[in-house]
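S.K.: One file is attached below, input-v7.cif, containing mmCIF, C-alpha atoms.
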```cif
data_final
loop_
_atom_site.label_atom_id
_atom_site.label_comp_id
_atom_site.auth_asym_id
_atom_site.auth_seq_id
_atom_site.Cartn_x
_atom_site.Cartn_y
_atom_site.Cartn_z
CA MET A 30 -18.23 39.47 -38.97
CA GLY A 31 -17.78 35.90 -37.72
CA THR A 32 -21.37 35.56 -36.54
CA GLN A 33 -22.56 36.07 -40.13
CA PHE A 34 -21.08 32.64 -40.91
CA ASP A 35 -22.83 30.77 -38.07
CA TYR A 36 -25.20 28.21 -39.58
CA HIS A 37 -26.74 26.33 -36.69
CA ARG A 38 -28.44 23.70 -38.78
CA LEU A 39 -28.01 20.11 -39.80
CA VAL A 40 -28.01 18.78 -43.34
CA VAL A 41 -27.75 15.32 -44.81
CA GLY A 42 -24.88 14.80 -47.21
CA TYR A 43 -23.80 11.92 -49.43
CA HIS A 44 -20.24 11.00 -50.37
CA GLY A 45 -19.50 8.80 -53.39
CA CYS A 46 -16.46 6.62 -52.75
CA ASP A 47 -15.01 3.12 -52.81
CA ARG A 48 -16.77 0.57 -50.59
CA SER A 49 -13.60 0.05 -48.53
CA VAL A 50 -13.47 3.78 -47.69
CA GLY A 51 -17.17 3.98 -46.83
CA GLU A 52 -17.17 0.86 -44.68
CA ALA A 53 -14.01 1.96 -42.84
CA ALA A 54 -15.78 5.21 -41.92
CA LEU A 55 -19.00 3.41 -40.94
CA LEU A 56 -17.50 0.52 -38.97
CA HIS A 57 -14.29 1.98 -37.55
CA GLY A 58 -14.73 5.76 -37.62
CA THR A 59 -11.86 6.15 -40.07
CA PRO A 60 -11.84 9.80 -41.18
CA LEU A 61 -12.50 10.58 -44.82
CA ARG A 62 -9.52 12.11 -46.59
CA PRO A 63 -10.05 15.76 -47.58
CA SER A 64 -9.69 16.51 -51.26
CA ASN A 65 -7.08 19.13 -52.09
CA ASN A 66 -6.96 19.01 -55.87
CA ALA A 67 -6.15 22.27 -57.63
CA TRP A 68 -9.55 22.09 -59.38
CA ASP A 69 -11.82 21.48 -56.35
CA TRP A 70 -14.38 24.21 -56.86
CA LEU A 71 -15.10 24.82 -53.15
CA GLY A 72 -11.47 24.59 -52.09
CA GLU A 73 -10.06 21.99 -49.71
CA GLY A 74 -12.38 19.67 -47.83
CA VAL A 75 -14.35 16.42 -47.80
CA TYR A 76 -17.04 16.76 -50.46
CA PHE A 77 -20.69 15.80 -50.01
CA TRP A 78 -23.79 16.20 -52.16
CA GLU A 79 -26.44 17.83 -49.99
CA HIS A 80 -29.58 15.67 -50.03
CA GLY A 81 -28.31 14.04 -53.25
CA PRO A 82 -27.80 10.27 -52.79
CA LYS A 83 -28.40 9.44 -56.44
CA ARG A 84 -25.91 12.08 -57.56
CA ALA A 85 -23.32 10.59 -55.18
CA TRP A 86 -24.07 7.13 -56.62
CA GLU A 87 -23.61 8.42 -60.18
CA PHE A 88 -20.29 9.93 -59.17
CA ALA A 89 -19.08 6.70 -57.52
CA ARG A 90 -20.07 4.70 -60.61
CA TRP A 91 -18.24 7.22 -62.84
CA LYS A 92 -15.09 6.83 -60.69
CA HIS A 93 -15.45 3.05 -60.99
CA ARG A 94 -15.76 3.20 -64.80
CA ARG A 95 -12.57 5.27 -64.88
CA GLY A 96 -10.78 2.61 -62.82
CA GLU A 97 -10.26 4.98 -59.87
CA ILE A 98 -12.18 2.89 -57.34
CA ALA A 99 -12.82 -0.85 -57.07
CA GLU A 100 -16.46 -0.89 -55.93
CA PRO A 101 -18.84 2.09 -55.93
CA PHE A 102 -20.40 3.01 -52.59
CA VAL A 103 -22.39 5.88 -51.11
CA LEU A 104 -21.80 7.02 -47.56
CA GLY A 105 -24.45 9.18 -45.91
CA ALA A 106 -23.54 11.74 -43.25
CA HIS A 107 -25.27 14.06 -40.84
CA ILE A 108 -23.38 17.35 -41.07
CA HIS A 109 -23.61 20.38 -38.81
CA LEU A 110 -22.70 23.29 -41.08
CA GLY A 111 -21.22 25.29 -38.19
CA ARG A 112 -19.36 28.32 -39.48
CA CYS A 113 -20.25 28.07 -43.14
CA PHE A 114 -19.04 30.09 -46.11
CA ASP A 115 -22.32 29.71 -47.98
CA LEU A 116 -22.10 30.72 -51.63
CA THR A 117 -25.91 30.89 -51.81
CA ASP A 118 -25.76 33.91 -49.46
CA THR A 119 -24.71 37.33 -50.76
CA PHE A 120 -22.80 37.97 -47.53
CA ALA A 121 -20.31 35.35 -48.72
CA THR A 122 -20.35 36.00 -52.45
CA ARG A 123 -19.73 39.73 -52.00
CA GLN A 124 -16.38 38.85 -50.43
CA LEU A 125 -15.17 36.88 -53.44
CA LEU A 126 -14.05 39.90 -55.47
CA GLY A 127 -11.79 40.98 -52.58
CA PHE A 128 -10.35 37.46 -52.33
CA TYR A 129 -9.76 37.49 -56.09
CA GLY A 130 -7.95 40.83 -55.81
CA GLN A 131 -5.63 39.42 -53.16
CA LEU A 132 -4.92 36.38 -55.31
CA ALA A 133 -4.26 38.48 -58.42
CA ALA A 134 -1.87 40.73 -56.48
CA THR A 135 0.00 37.68 -55.15
CA PHE A 136 0.40 36.15 -58.60
CA THR A 137 1.39 39.49 -60.16
CA ALA A 138 4.08 39.97 -57.49
CA ARG A 139 5.46 36.51 -58.34
CA GLY A 140 5.33 37.21 -62.07
CA GLN A 141 2.94 34.27 -62.57
CA ASP A 142 -0.30 33.90 -64.49
CA LEU A 143 -3.46 33.36 -62.49
CA PRO A 144 -4.98 29.89 -62.57
CA THR A 145 -8.03 29.56 -64.82
CA ASN A 146 -11.27 27.62 -64.81
CA ARG A 147 -11.22 25.29 -67.78
CA PRO A 148 -12.92 22.30 -69.35
CA GLY A 149 -12.09 18.86 -68.00
CA ARG A 150 -12.29 17.45 -71.52
CA ALA A 151 -12.98 18.65 -75.04
CA GLY A 152 -16.51 20.01 -75.33
CA ASP A 153 -17.03 20.29 -71.55
CA PRO A 154 -19.49 23.20 -71.16
CA ASP A 155 -19.29 23.12 -67.36
CA PHE A 156 -15.59 23.97 -66.98
CA ILE A 157 -15.30 21.36 -64.24
CA ARG A 158 -11.61 22.08 -63.62
CA ARG A 159 -12.21 25.07 -61.32
CA GLU A 160 -8.60 26.00 -60.61
CA LEU A 161 -9.29 29.72 -60.32
CA ASP A 162 -12.31 29.23 -58.04
CA CYS A 163 -10.34 26.82 -55.86
CA ALA A 164 -7.40 29.21 -55.52
CA VAL A 165 -9.68 32.17 -54.72
CA LEU A 166 -11.53 30.26 -52.00
CA ASN A 167 -8.44 28.67 -50.46
CA LEU A 168 -6.68 32.04 -50.27
CA GLY A 169 -9.76 33.87 -48.98
CA LEU A 170 -10.60 31.33 -46.29
CA THR A 171 -6.97 31.22 -45.17
CA ALA A 172 -6.98 35.03 -44.96
CA LEU A 173 -10.12 34.93 -42.79
CA ALA A 174 -8.49 32.36 -40.50
CA GLN A 175 -5.44 34.66 -40.12
CA ALA A 176 -7.47 37.84 -39.58
CA SER A 177 -7.81 39.56 -36.23
CA PRO A 178 -10.00 38.23 -34.80
CA PRO A 179 -9.64 34.99 -36.76
CA VAL A 180 -12.67 33.45 -38.48
CA GLU A 181 -12.21 29.68 -38.88
CA LEU A 182 -14.67 28.23 -41.37
CA ASP A 183 -16.01 24.70 -40.87
CA THR A 184 -17.78 24.20 -44.20
CA VAL A 185 -18.19 25.73 -47.65
CA ARG A 186 -21.50 25.31 -49.46
CA GLY A 187 -22.47 26.15 -53.02
CA VAL A 188 -24.69 25.41 -55.99
CA PHE A 189 -22.97 23.92 -59.01
CA VAL A 190 -24.88 24.32 -62.29
CA GLU A 191 -23.88 21.32 -64.35
CA GLY A 192 -25.03 19.20 -67.25
CA ASP A 193 -27.15 19.66 -70.33
CA GLU A 194 -30.26 21.82 -70.42
CA ALA A 195 -33.28 19.97 -69.01
CA TYR A 196 -35.21 20.99 -72.16
CA PRO A 197 -34.51 23.37 -75.08
CA GLY A 198 -33.94 26.91 -73.82
CA ALA A 199 -33.96 25.84 -70.16
CA ARG A 200 -31.94 27.56 -67.45
CA ILE A 201 -32.38 24.36 -65.43
CA HIS A 202 -29.63 21.81 -65.97
CA LEU A 203 -29.78 18.06 -65.48
CA LYS A 204 -26.89 17.66 -63.02
CA THR A 205 -27.20 20.85 -60.97
CA HIS A 206 -26.54 20.14 -57.30
CA VAL A 207 -25.66 21.61 -53.93
CA GLN A 208 -22.28 20.55 -52.61
CA ILE A 209 -20.62 20.95 -49.25
CA ALA A 210 -16.89 20.86 -48.59
CA VAL A 211 -16.32 19.97 -44.95
CA ARG A 212 -13.12 21.60 -43.74
CA ASN A 213 -13.57 20.71 -40.05
CA PRO A 214 -14.18 16.95 -39.62
CA ASP A 215 -15.81 17.60 -36.22
CA CYS A 216 -18.83 18.89 -38.18
CA ILE A 217 -19.58 15.34 -39.35
CA ILE A 218 -21.84 14.09 -36.57
CA GLY A 219 -22.21 10.56 -37.87
CA TYR A 220 -22.36 8.30 -40.89
CA PHE A 221 -25.00 5.96 -42.22
CA LYS A 222 -25.53 3.65 -45.19
CA PRO A 223 -28.49 4.66 -47.38
CA VAL A 224 -31.12 1.92 -47.54
CA SER A 225 -31.52 2.06 -51.31
CA LEU A 226 -30.42 4.11 -54.28
#
```
Can you present the structure in this file as structure tokens?

M.R.:
Amino acid sequence: MGTQFDYHRLVVGYHGCDRSVGEAALLHGTPLRPSNNAWDWLGEGVYFWEHGPKRAWEFARWKHRRGEIAEPFVLGAHIHLGRCFDLTDTFATRQLLGFYGQLAATFTARGQDLPTNRPGRAGDPDFIRRELDCAVLNLGLTALAQASPPVELDTVRGVFVEGDEAYPGARIHLKTHVQIAVRNPDCIIGYFKPVSL
């Protein structure tokens, strides 16, 4: 089963962050800190927009407006996907129901309610707080790593449909993007600063 996850290809990713974080990675090789929020839709990892520098810039500016970073910055990265749990491939998505079943059984045994996906704010149609998705993926990928033989995943990749309709009746949305959560920092081959945004 492990060979189904082998993605021997490179992609370019973009990470929106504070300038101090980006420059520390560029100039000193300081590792980026993985995100492990309960709502991270691809589970734990360092998040990148695949081939999406402007989307990363929008995100960094949004974080700045919220007072979460001092100066918006975009860090580019060459990423080897390695062993990738790719949510654009049915081989991966067909495993999600099993992961969900394991999670539901765990929470039932504890007498707890399952986490839910929910809006980040009133009127949020995208349900950006993906607590259920995060819990399902974290549990499932941990189970794969503990299987016999173990399957350690380097990256998780998925399409996130987000934003308003591009036009009335559209199934295309303005902020839809492909994101990658890098779980194994060795998959980041190198960083660069985009020339312009």

S.K.: Smallest atom-to-atom distance to Arg48 (chain A): which of A:Gly74, A:Pro148, A:Pro101, A:Pro223, using only C-alpha atoms?

M.R.: A:Pro101

S.K.: CA of Pro214 (chain A) and CA of Arg62 (chain A), how far apart in Å?

M.R.: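 Straight-line distance from CA of Arg62 (chain A) to CA of Pro214 (chain A) works out to 9.7 Å.
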
S.K.: Could you give me, as JSON lines, a per-residue list for region 32-68 of chain A showing, wherever an atom lies at most 12 Å from an atom of region 175-185 of chain A, the closest pair of atoms and their distance in Å to one decimal, using all atoms listed in the file and sorting by chain then residue number from low to high?

M.R.:
```
{"residue": "A:Thr32", "atom": "CA", "partner": "A:Val180", "partner_atom": "CA", "distance": 9.2}
{"residue": "A:Gln33", "atom": "CA", "partner": "A:Val180", "partner_atom": "CA", "distance": 10.4}
{"residue": "A:Phe34", "atom": "CA", "partner": "A:Leu182", "partner_atom": "CA", "distance": 7.8}
{"residue": "A:Asp35", "atom": "CA", "partner": "A:Leu182", "partner_atom": "CA", "distance": 9.2}
{"residue": "A:Tyr36", "atom": "CA", "partner": "A:Thr184", "partner_atom": "CA", "distance": 9.6}
{"residue": "A:His37", "atom": "CA", "partner": "A:Asp183", "partner_atom": "CA", "distance": 11.6}
{"residue": "A:Arg38", "atom": "CA", "partner": "A:Thr184", "partner_atom": "CA", "distance": 12.0}
{"residue": "A:Leu39", "atom": "CA", "partner": "A:Thr184", "partner_atom": "CA", "distance": 11.9}
{"residue": "A:Val40", "atom": "CA", "partner": "A:Thr184", "partner_atom": "CA", "distance": 11.6}
{"residue": "A:Pro63", "atom": "CA", "partner": "A:Thr184", "partner_atom": "CA", "distance": 11.9}
```

S.K.: Which one is closest to Ala67 (chain A): A:Leu104, A:Ala174, A:Leu161, A:Ala99? Count only C-alpha atoms.

M.R.: A:Leu161

S.K.: Taking the file as I've supplied it (selection: the PyMOL selection byres ((chain A and resi 107-109) around 8)), which residues are included? Please answer as JSON, numbers by chain.

M.R.: {"A": [37, 38, 39, 40, 41, 42, 105, 106, 110, 111, 216, 217, 218, 219, 220]}

S.K.: Quick one: everything within 10 Å of region 118-123 of chain A, counting all atoms listed in the file, minus sequence neighbours fewer than 4 positions away in the same chain. Send it as a ChimeraX atom specification.

M.R.: /A:30,33-34,113-114,127-128,185-187

S.K.: Kindly indicate which residue among A:Gly51, A:Pro60, A:Gly130, A:Pro82 lies nearest to Gly169 (chain A), using only C-alpha atoms for the distances.

M.R.: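 Closest to Gly169 (chain A) of all the choices is A:Gly130.
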
S.K.: Around (-24.5, 20.6, -68.9) in the file's own coordinates, what residues are found within 8 Å if you use all atoms listed in the file, given back as a ChimeraX atom specification?

M.R.: /A:153-155,190-194,202-204

S.K.: If the PyMOL selection byres ((chain A and resi 225) around 10) is run on the structure shown, which residues does it catch, given as a list in words?

M.R.: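 For this structure, the PyMOL selection byres ((chain A and resi 225) around 10) captures Pro82, Lys83, Val103, Lys222, Pro223, Val224 and Leu226 of chain A.
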
S.K.: I'd like the neighbourhood of region 90-98 of chain A as a PDB file with C-alpha atoms, in the coordinates of the input, where a residue qualifies if any of its atoms comes within 9 Å (using only C-alpha atoms), though same-chain residues fewer than 6 positions away should be ignored.

M.R.:
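New file out_10.pdb:
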```pdb
ATOM      1  CA  GLY A  45     -19.500   8.800 -53.390  1.00  0.00           C
ATOM      2  CA  CYS A  46     -16.460   6.620 -52.750  1.00  0.00           C
ATOM      3  CA  ASP A  47     -15.010   3.120 -52.810  1.00  0.00           C
ATOM      4  CA  ARG A  48     -16.770   0.570 -50.590  1.00  0.00           C
TER       5      ARG A  48
END
```

S.K.: Suppose you want the space between CA of Ile157 (chain A) and CA of Glu87 (chain A); what is it in Å?

M.R.: 15.9 Å

S.K.: Please evaluate the PyMOL selection byres ((chain A and resi 131) around 12) against the structure above and give the resulting residues as an MDAnalysis selection string.

M.R.: chainID A and resid 124:130 132:138 143 164:172

S.K.: Between CA of Glu79 (chain A) and CA of Leu61 (chain A), what is the distance in Å, rounded to a tenth?

M.R.: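 That distance, rounded to one decimal, is 16.5 Å.
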
S.K.: Write out as AutoDock Vina command-line options an axis-aligned box for region 34-53 of chain A: all of its atoms listed in the file, 4 Å added on each side, centre and edge lengths in Å with one decimal.

M.R.:
```
--center_x -21.0 --center_y 16.3 --center_z -45.0 --size_x 23.0 --size_y 40.6 --size_z 24.7
```

S.K.: My list of candidates is A:Trp68, A:Ala151, A:Ala195, A:Ala89. Which is closest to Val50 (chain A) when distances are computed with only C-alpha atoms?

M.R.: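 Selected residue with least distance to Val50 (chain A): A:Ala89.
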
S.K.: For Ala85 (chain A), which of A:Gln141, A:Asp69, A:Phe102, A:Leu55 is the closest residue, counting all atoms listed in the file?

M.R.: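 Using all atoms listed in the file, the shortest distance to Ala85 (chain A) belongs to A:Phe102.
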
S.K.: Can you pull out every residue within 9 Å of Asn66 (chain A), counting only C-alpha atoms, but drop anything in the same chain fewer than 6 positions away, and send it as a VMD selection string?

M.R.: chain A and resid 72 to 73 160 163

S.K.: Would you output that residue set with C-alpha atoms, as a PDB file, keeping the file's coordinate frame?

M.R.:
```
ATOM      1  CA  GLY A  72     -11.470  24.590 -52.090  1.00  0.00           C
ATOM      2  CA  GLU A  73     -10.060  21.990 -49.710  1.00  0.00           C
ATOM      3  CA  GLU A 160      -8.600  26.000 -60.610  1.00  0.00           C
ATOM      4  CA  CYS A 163     -10.340  26.820 -55.860  1.00  0.00           C
TER       5      CYS A 163
END
```

S.K.: From the options A:Val188, A:Leu116, A:Trp70, A:Phe77, which residue's atoms come nearest to Arg147 (chain A), counting only C-alpha atoms?

M.R.: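 For Arg147 (chain A), the nearest of the candidates is A:Trp70.
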
S.K.: Could you add whatever atoms are missing so that region 47-81 of chain A carries N, CA and C atoms, then write the result as an mmCIF file, in the coordinates of the input?

M.R.:
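New file result-v1.cif:
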```
data_model
loop_
_atom_site.group_PDB
_atom_site.id
_atom_site.type_symbol
_atom_site.label_atom_id
_atom_site.label_comp_id
_atom_site.auth_asym_id
_atom_site.auth_seq_id
_atom_site.Cartn_x
_atom_site.Cartn_y
_atom_site.Cartn_z
ATOM 1 N N ASP A 47 -15.208 4.556 -52.727
ATOM 2 C CA ASP A 47 -15.010 3.120 -52.810
ATOM 3 C C ASP A 47 -15.622 2.464 -51.565
ATOM 4 N N ARG A 48 -16.152 1.273 -51.719
ATOM 5 C CA ARG A 48 -16.770 0.570 -50.590
ATOM 6 C C ARG A 48 -15.821 0.462 -49.401
ATOM 7 N N SER A 49 -14.549 0.213 -49.641
ATOM 8 C CA SER A 49 -13.600 0.050 -48.530
ATOM 9 C C SER A 49 -13.498 1.335 -47.708
ATOM 10 N N VAL A 50 -13.550 2.487 -48.376
ATOM 11 C CA VAL A 50 -13.470 3.780 -47.690
ATOM 12 C C VAL A 50 -14.740 4.022 -46.878
ATOM 13 N N GLY A 51 -15.903 3.778 -47.514
ATOM 14 C CA GLY A 51 -17.170 3.980 -46.830
ATOM 15 C C GLY A 51 -17.347 3.073 -45.636
ATOM 16 N N GLU A 52 -16.999 1.799 -45.793
ATOM 17 C CA GLU A 52 -17.170 0.860 -44.680
ATOM 18 C C GLU A 52 -16.183 1.144 -43.552
ATOM 19 N N ALA A 53 -14.982 1.603 -43.886
ATOM 20 C CA ALA A 53 -14.010 1.960 -42.840
ATOM 21 C C ALA A 53 -14.544 3.123 -41.999
ATOM 22 N N ALA A 54 -15.189 4.087 -42.654
ATOM 23 C CA ALA A 54 -15.780 5.210 -41.920
ATOM 24 C C ALA A 54 -16.953 4.739 -41.073
ATOM 25 N N LEU A 55 -17.814 3.901 -41.648
ATOM 26 C CA LEU A 55 -19.000 3.410 -40.940
ATOM 27 C C LEU A 55 -18.640 2.516 -39.747
ATOM 28 N N LEU A 56 -17.764 1.559 -39.976
ATOM 29 C CA LEU A 56 -17.500 0.520 -38.970
ATOM 30 C C LEU A 56 -16.402 0.882 -37.982
ATOM 31 N N HIS A 57 -15.451 1.715 -38.410
ATOM 32 C CA HIS A 57 -14.290 1.980 -37.550
ATOM 33 C C HIS A 57 -14.072 3.465 -37.264
ATOM 34 N N GLY A 58 -14.898 4.323 -37.850
ATOM 35 C CA GLY A 58 -14.730 5.760 -37.620
ATOM 36 C C GLY A 58 -13.525 6.347 -38.316
ATOM 37 N N THR A 59 -13.021 5.655 -39.336
ATOM 38 C CA THR A 59 -11.860 6.150 -40.070
ATOM 39 C C THR A 59 -12.237 7.457 -40.788
ATOM 40 N N PRO A 60 -11.493 8.523 -40.547
ATOM 41 C CA PRO A 60 -11.840 9.800 -41.180
ATOM 42 C C PRO A 60 -11.714 9.744 -42.698
ATOM 43 N N LEU A 61 -12.608 10.448 -43.374
ATOM 44 C CA LEU A 61 -12.500 10.580 -44.820
ATOM 45 C C LEU A 61 -11.362 11.546 -45.132
ATOM 46 N N ARG A 62 -10.659 11.267 -46.200
ATOM 47 C CA ARG A 62 -9.520 12.110 -46.590
ATOM 48 C C ARG A 62 -10.020 13.338 -47.328
ATOM 49 N N PRO A 63 -9.635 14.541 -46.864
ATOM 50 C CA PRO A 63 -10.050 15.760 -47.580
ATOM 51 C C PRO A 63 -9.429 15.794 -48.980
ATOM 52 N N SER A 64 -10.179 16.318 -49.903
ATOM 53 C CA SER A 64 -9.690 16.510 -51.260
ATOM 54 C C SER A 64 -8.960 17.853 -51.305
ATOM 55 N N ASN A 65 -7.813 17.866 -51.937
ATOM 56 C CA ASN A 65 -7.080 19.130 -52.090
ATOM 57 C C ASN A 65 -6.518 19.262 -53.498
ATOM 58 N N ASN A 66 -7.336 18.848 -54.467
ATOM 59 C CA ASN A 66 -6.960 19.010 -55.870
ATOM 60 C C ASN A 66 -6.998 20.488 -56.242
ATOM 61 N N ALA A 67 -6.199 20.868 -57.192
ATOM 62 C CA ALA A 67 -6.150 22.270 -57.630
ATOM 63 C C ALA A 67 -7.458 22.706 -58.274
ATOM 64 N N TRP A 68 -8.309 21.753 -58.675
ATOM 65 C CA TRP A 68 -9.550 22.090 -59.380
ATOM 66 C C TRP A 68 -10.805 21.945 -58.510
ATOM 67 N N ASP A 69 -10.663 21.635 -57.237
ATOM 68 C CA ASP A 69 -11.820 21.480 -56.350
ATOM 69 C C ASP A 69 -12.525 22.818 -56.199
ATOM 70 N N TRP A 70 -13.728 22.909 -56.689
ATOM 71 C CA TRP A 70 -14.380 24.210 -56.860
ATOM 72 C C TRP A 70 -14.742 24.899 -55.559
ATOM 73 N N LEU A 71 -14.844 24.192 -54.448
ATOM 74 C CA LEU A 71 -15.100 24.820 -53.150
ATOM 75 C C LEU A 71 -13.852 24.870 -52.279
ATOM 76 N N GLY A 72 -12.701 24.609 -52.867
ATOM 77 C CA GLY A 72 -11.470 24.590 -52.090
ATOM 78 C C GLY A 72 -11.290 23.256 -51.376
ATOM 79 N N GLU A 73 -10.378 23.225 -50.438
ATOM 80 C CA GLU A 73 -10.060 21.990 -49.710
ATOM 81 C C GLU A 73 -11.232 21.536 -48.855
ATOM 82 N N GLY A 74 -11.365 20.211 -48.723
ATOM 83 C CA GLY A 74 -12.380 19.670 -47.830
ATOM 84 C C GLY A 74 -12.855 18.297 -48.285
ATOM 85 N N VAL A 75 -13.693 17.688 -47.452
ATOM 86 C CA VAL A 75 -14.350 16.420 -47.800
ATOM 87 C C VAL A 75 -15.670 16.802 -48.449
ATOM 88 N N TYR A 76 -15.889 16.334 -49.667
ATOM 89 C CA TYR A 76 -17.040 16.760 -50.460
ATOM 90 C C TYR A 76 -18.247 15.850 -50.294
ATOM 91 N N PHE A 77 -19.413 16.490 -50.129
ATOM 92 C CA PHE A 77 -20.690 15.800 -50.010
ATOM 93 C C PHE A 77 -21.712 16.467 -50.921
ATOM 94 N N TRP A 78 -22.620 15.658 -51.483
ATOM 95 C CA TRP A 78 -23.790 16.200 -52.160
ATOM 96 C C TRP A 78 -24.871 16.366 -51.101
ATOM 97 N N GLU A 79 -25.394 17.580 -50.960
ATOM 98 C CA GLU A 79 -26.440 17.830 -49.990
ATOM 99 C C GLU A 79 -27.750 17.236 -50.494
ATOM 100 N N HIS A 80 -28.307 16.322 -49.709
ATOM 101 C CA HIS A 80 -29.580 15.670 -50.030
ATOM 102 C C HIS A 80 -29.573 15.104 -51.456
ATOM 103 N N GLY A 81 -28.427 14.546 -51.884
ATOM 104 C CA GLY A 81 -28.310 14.040 -53.250
ATOM 105 C C GLY A 81 -27.709 12.641 -53.321
#
```
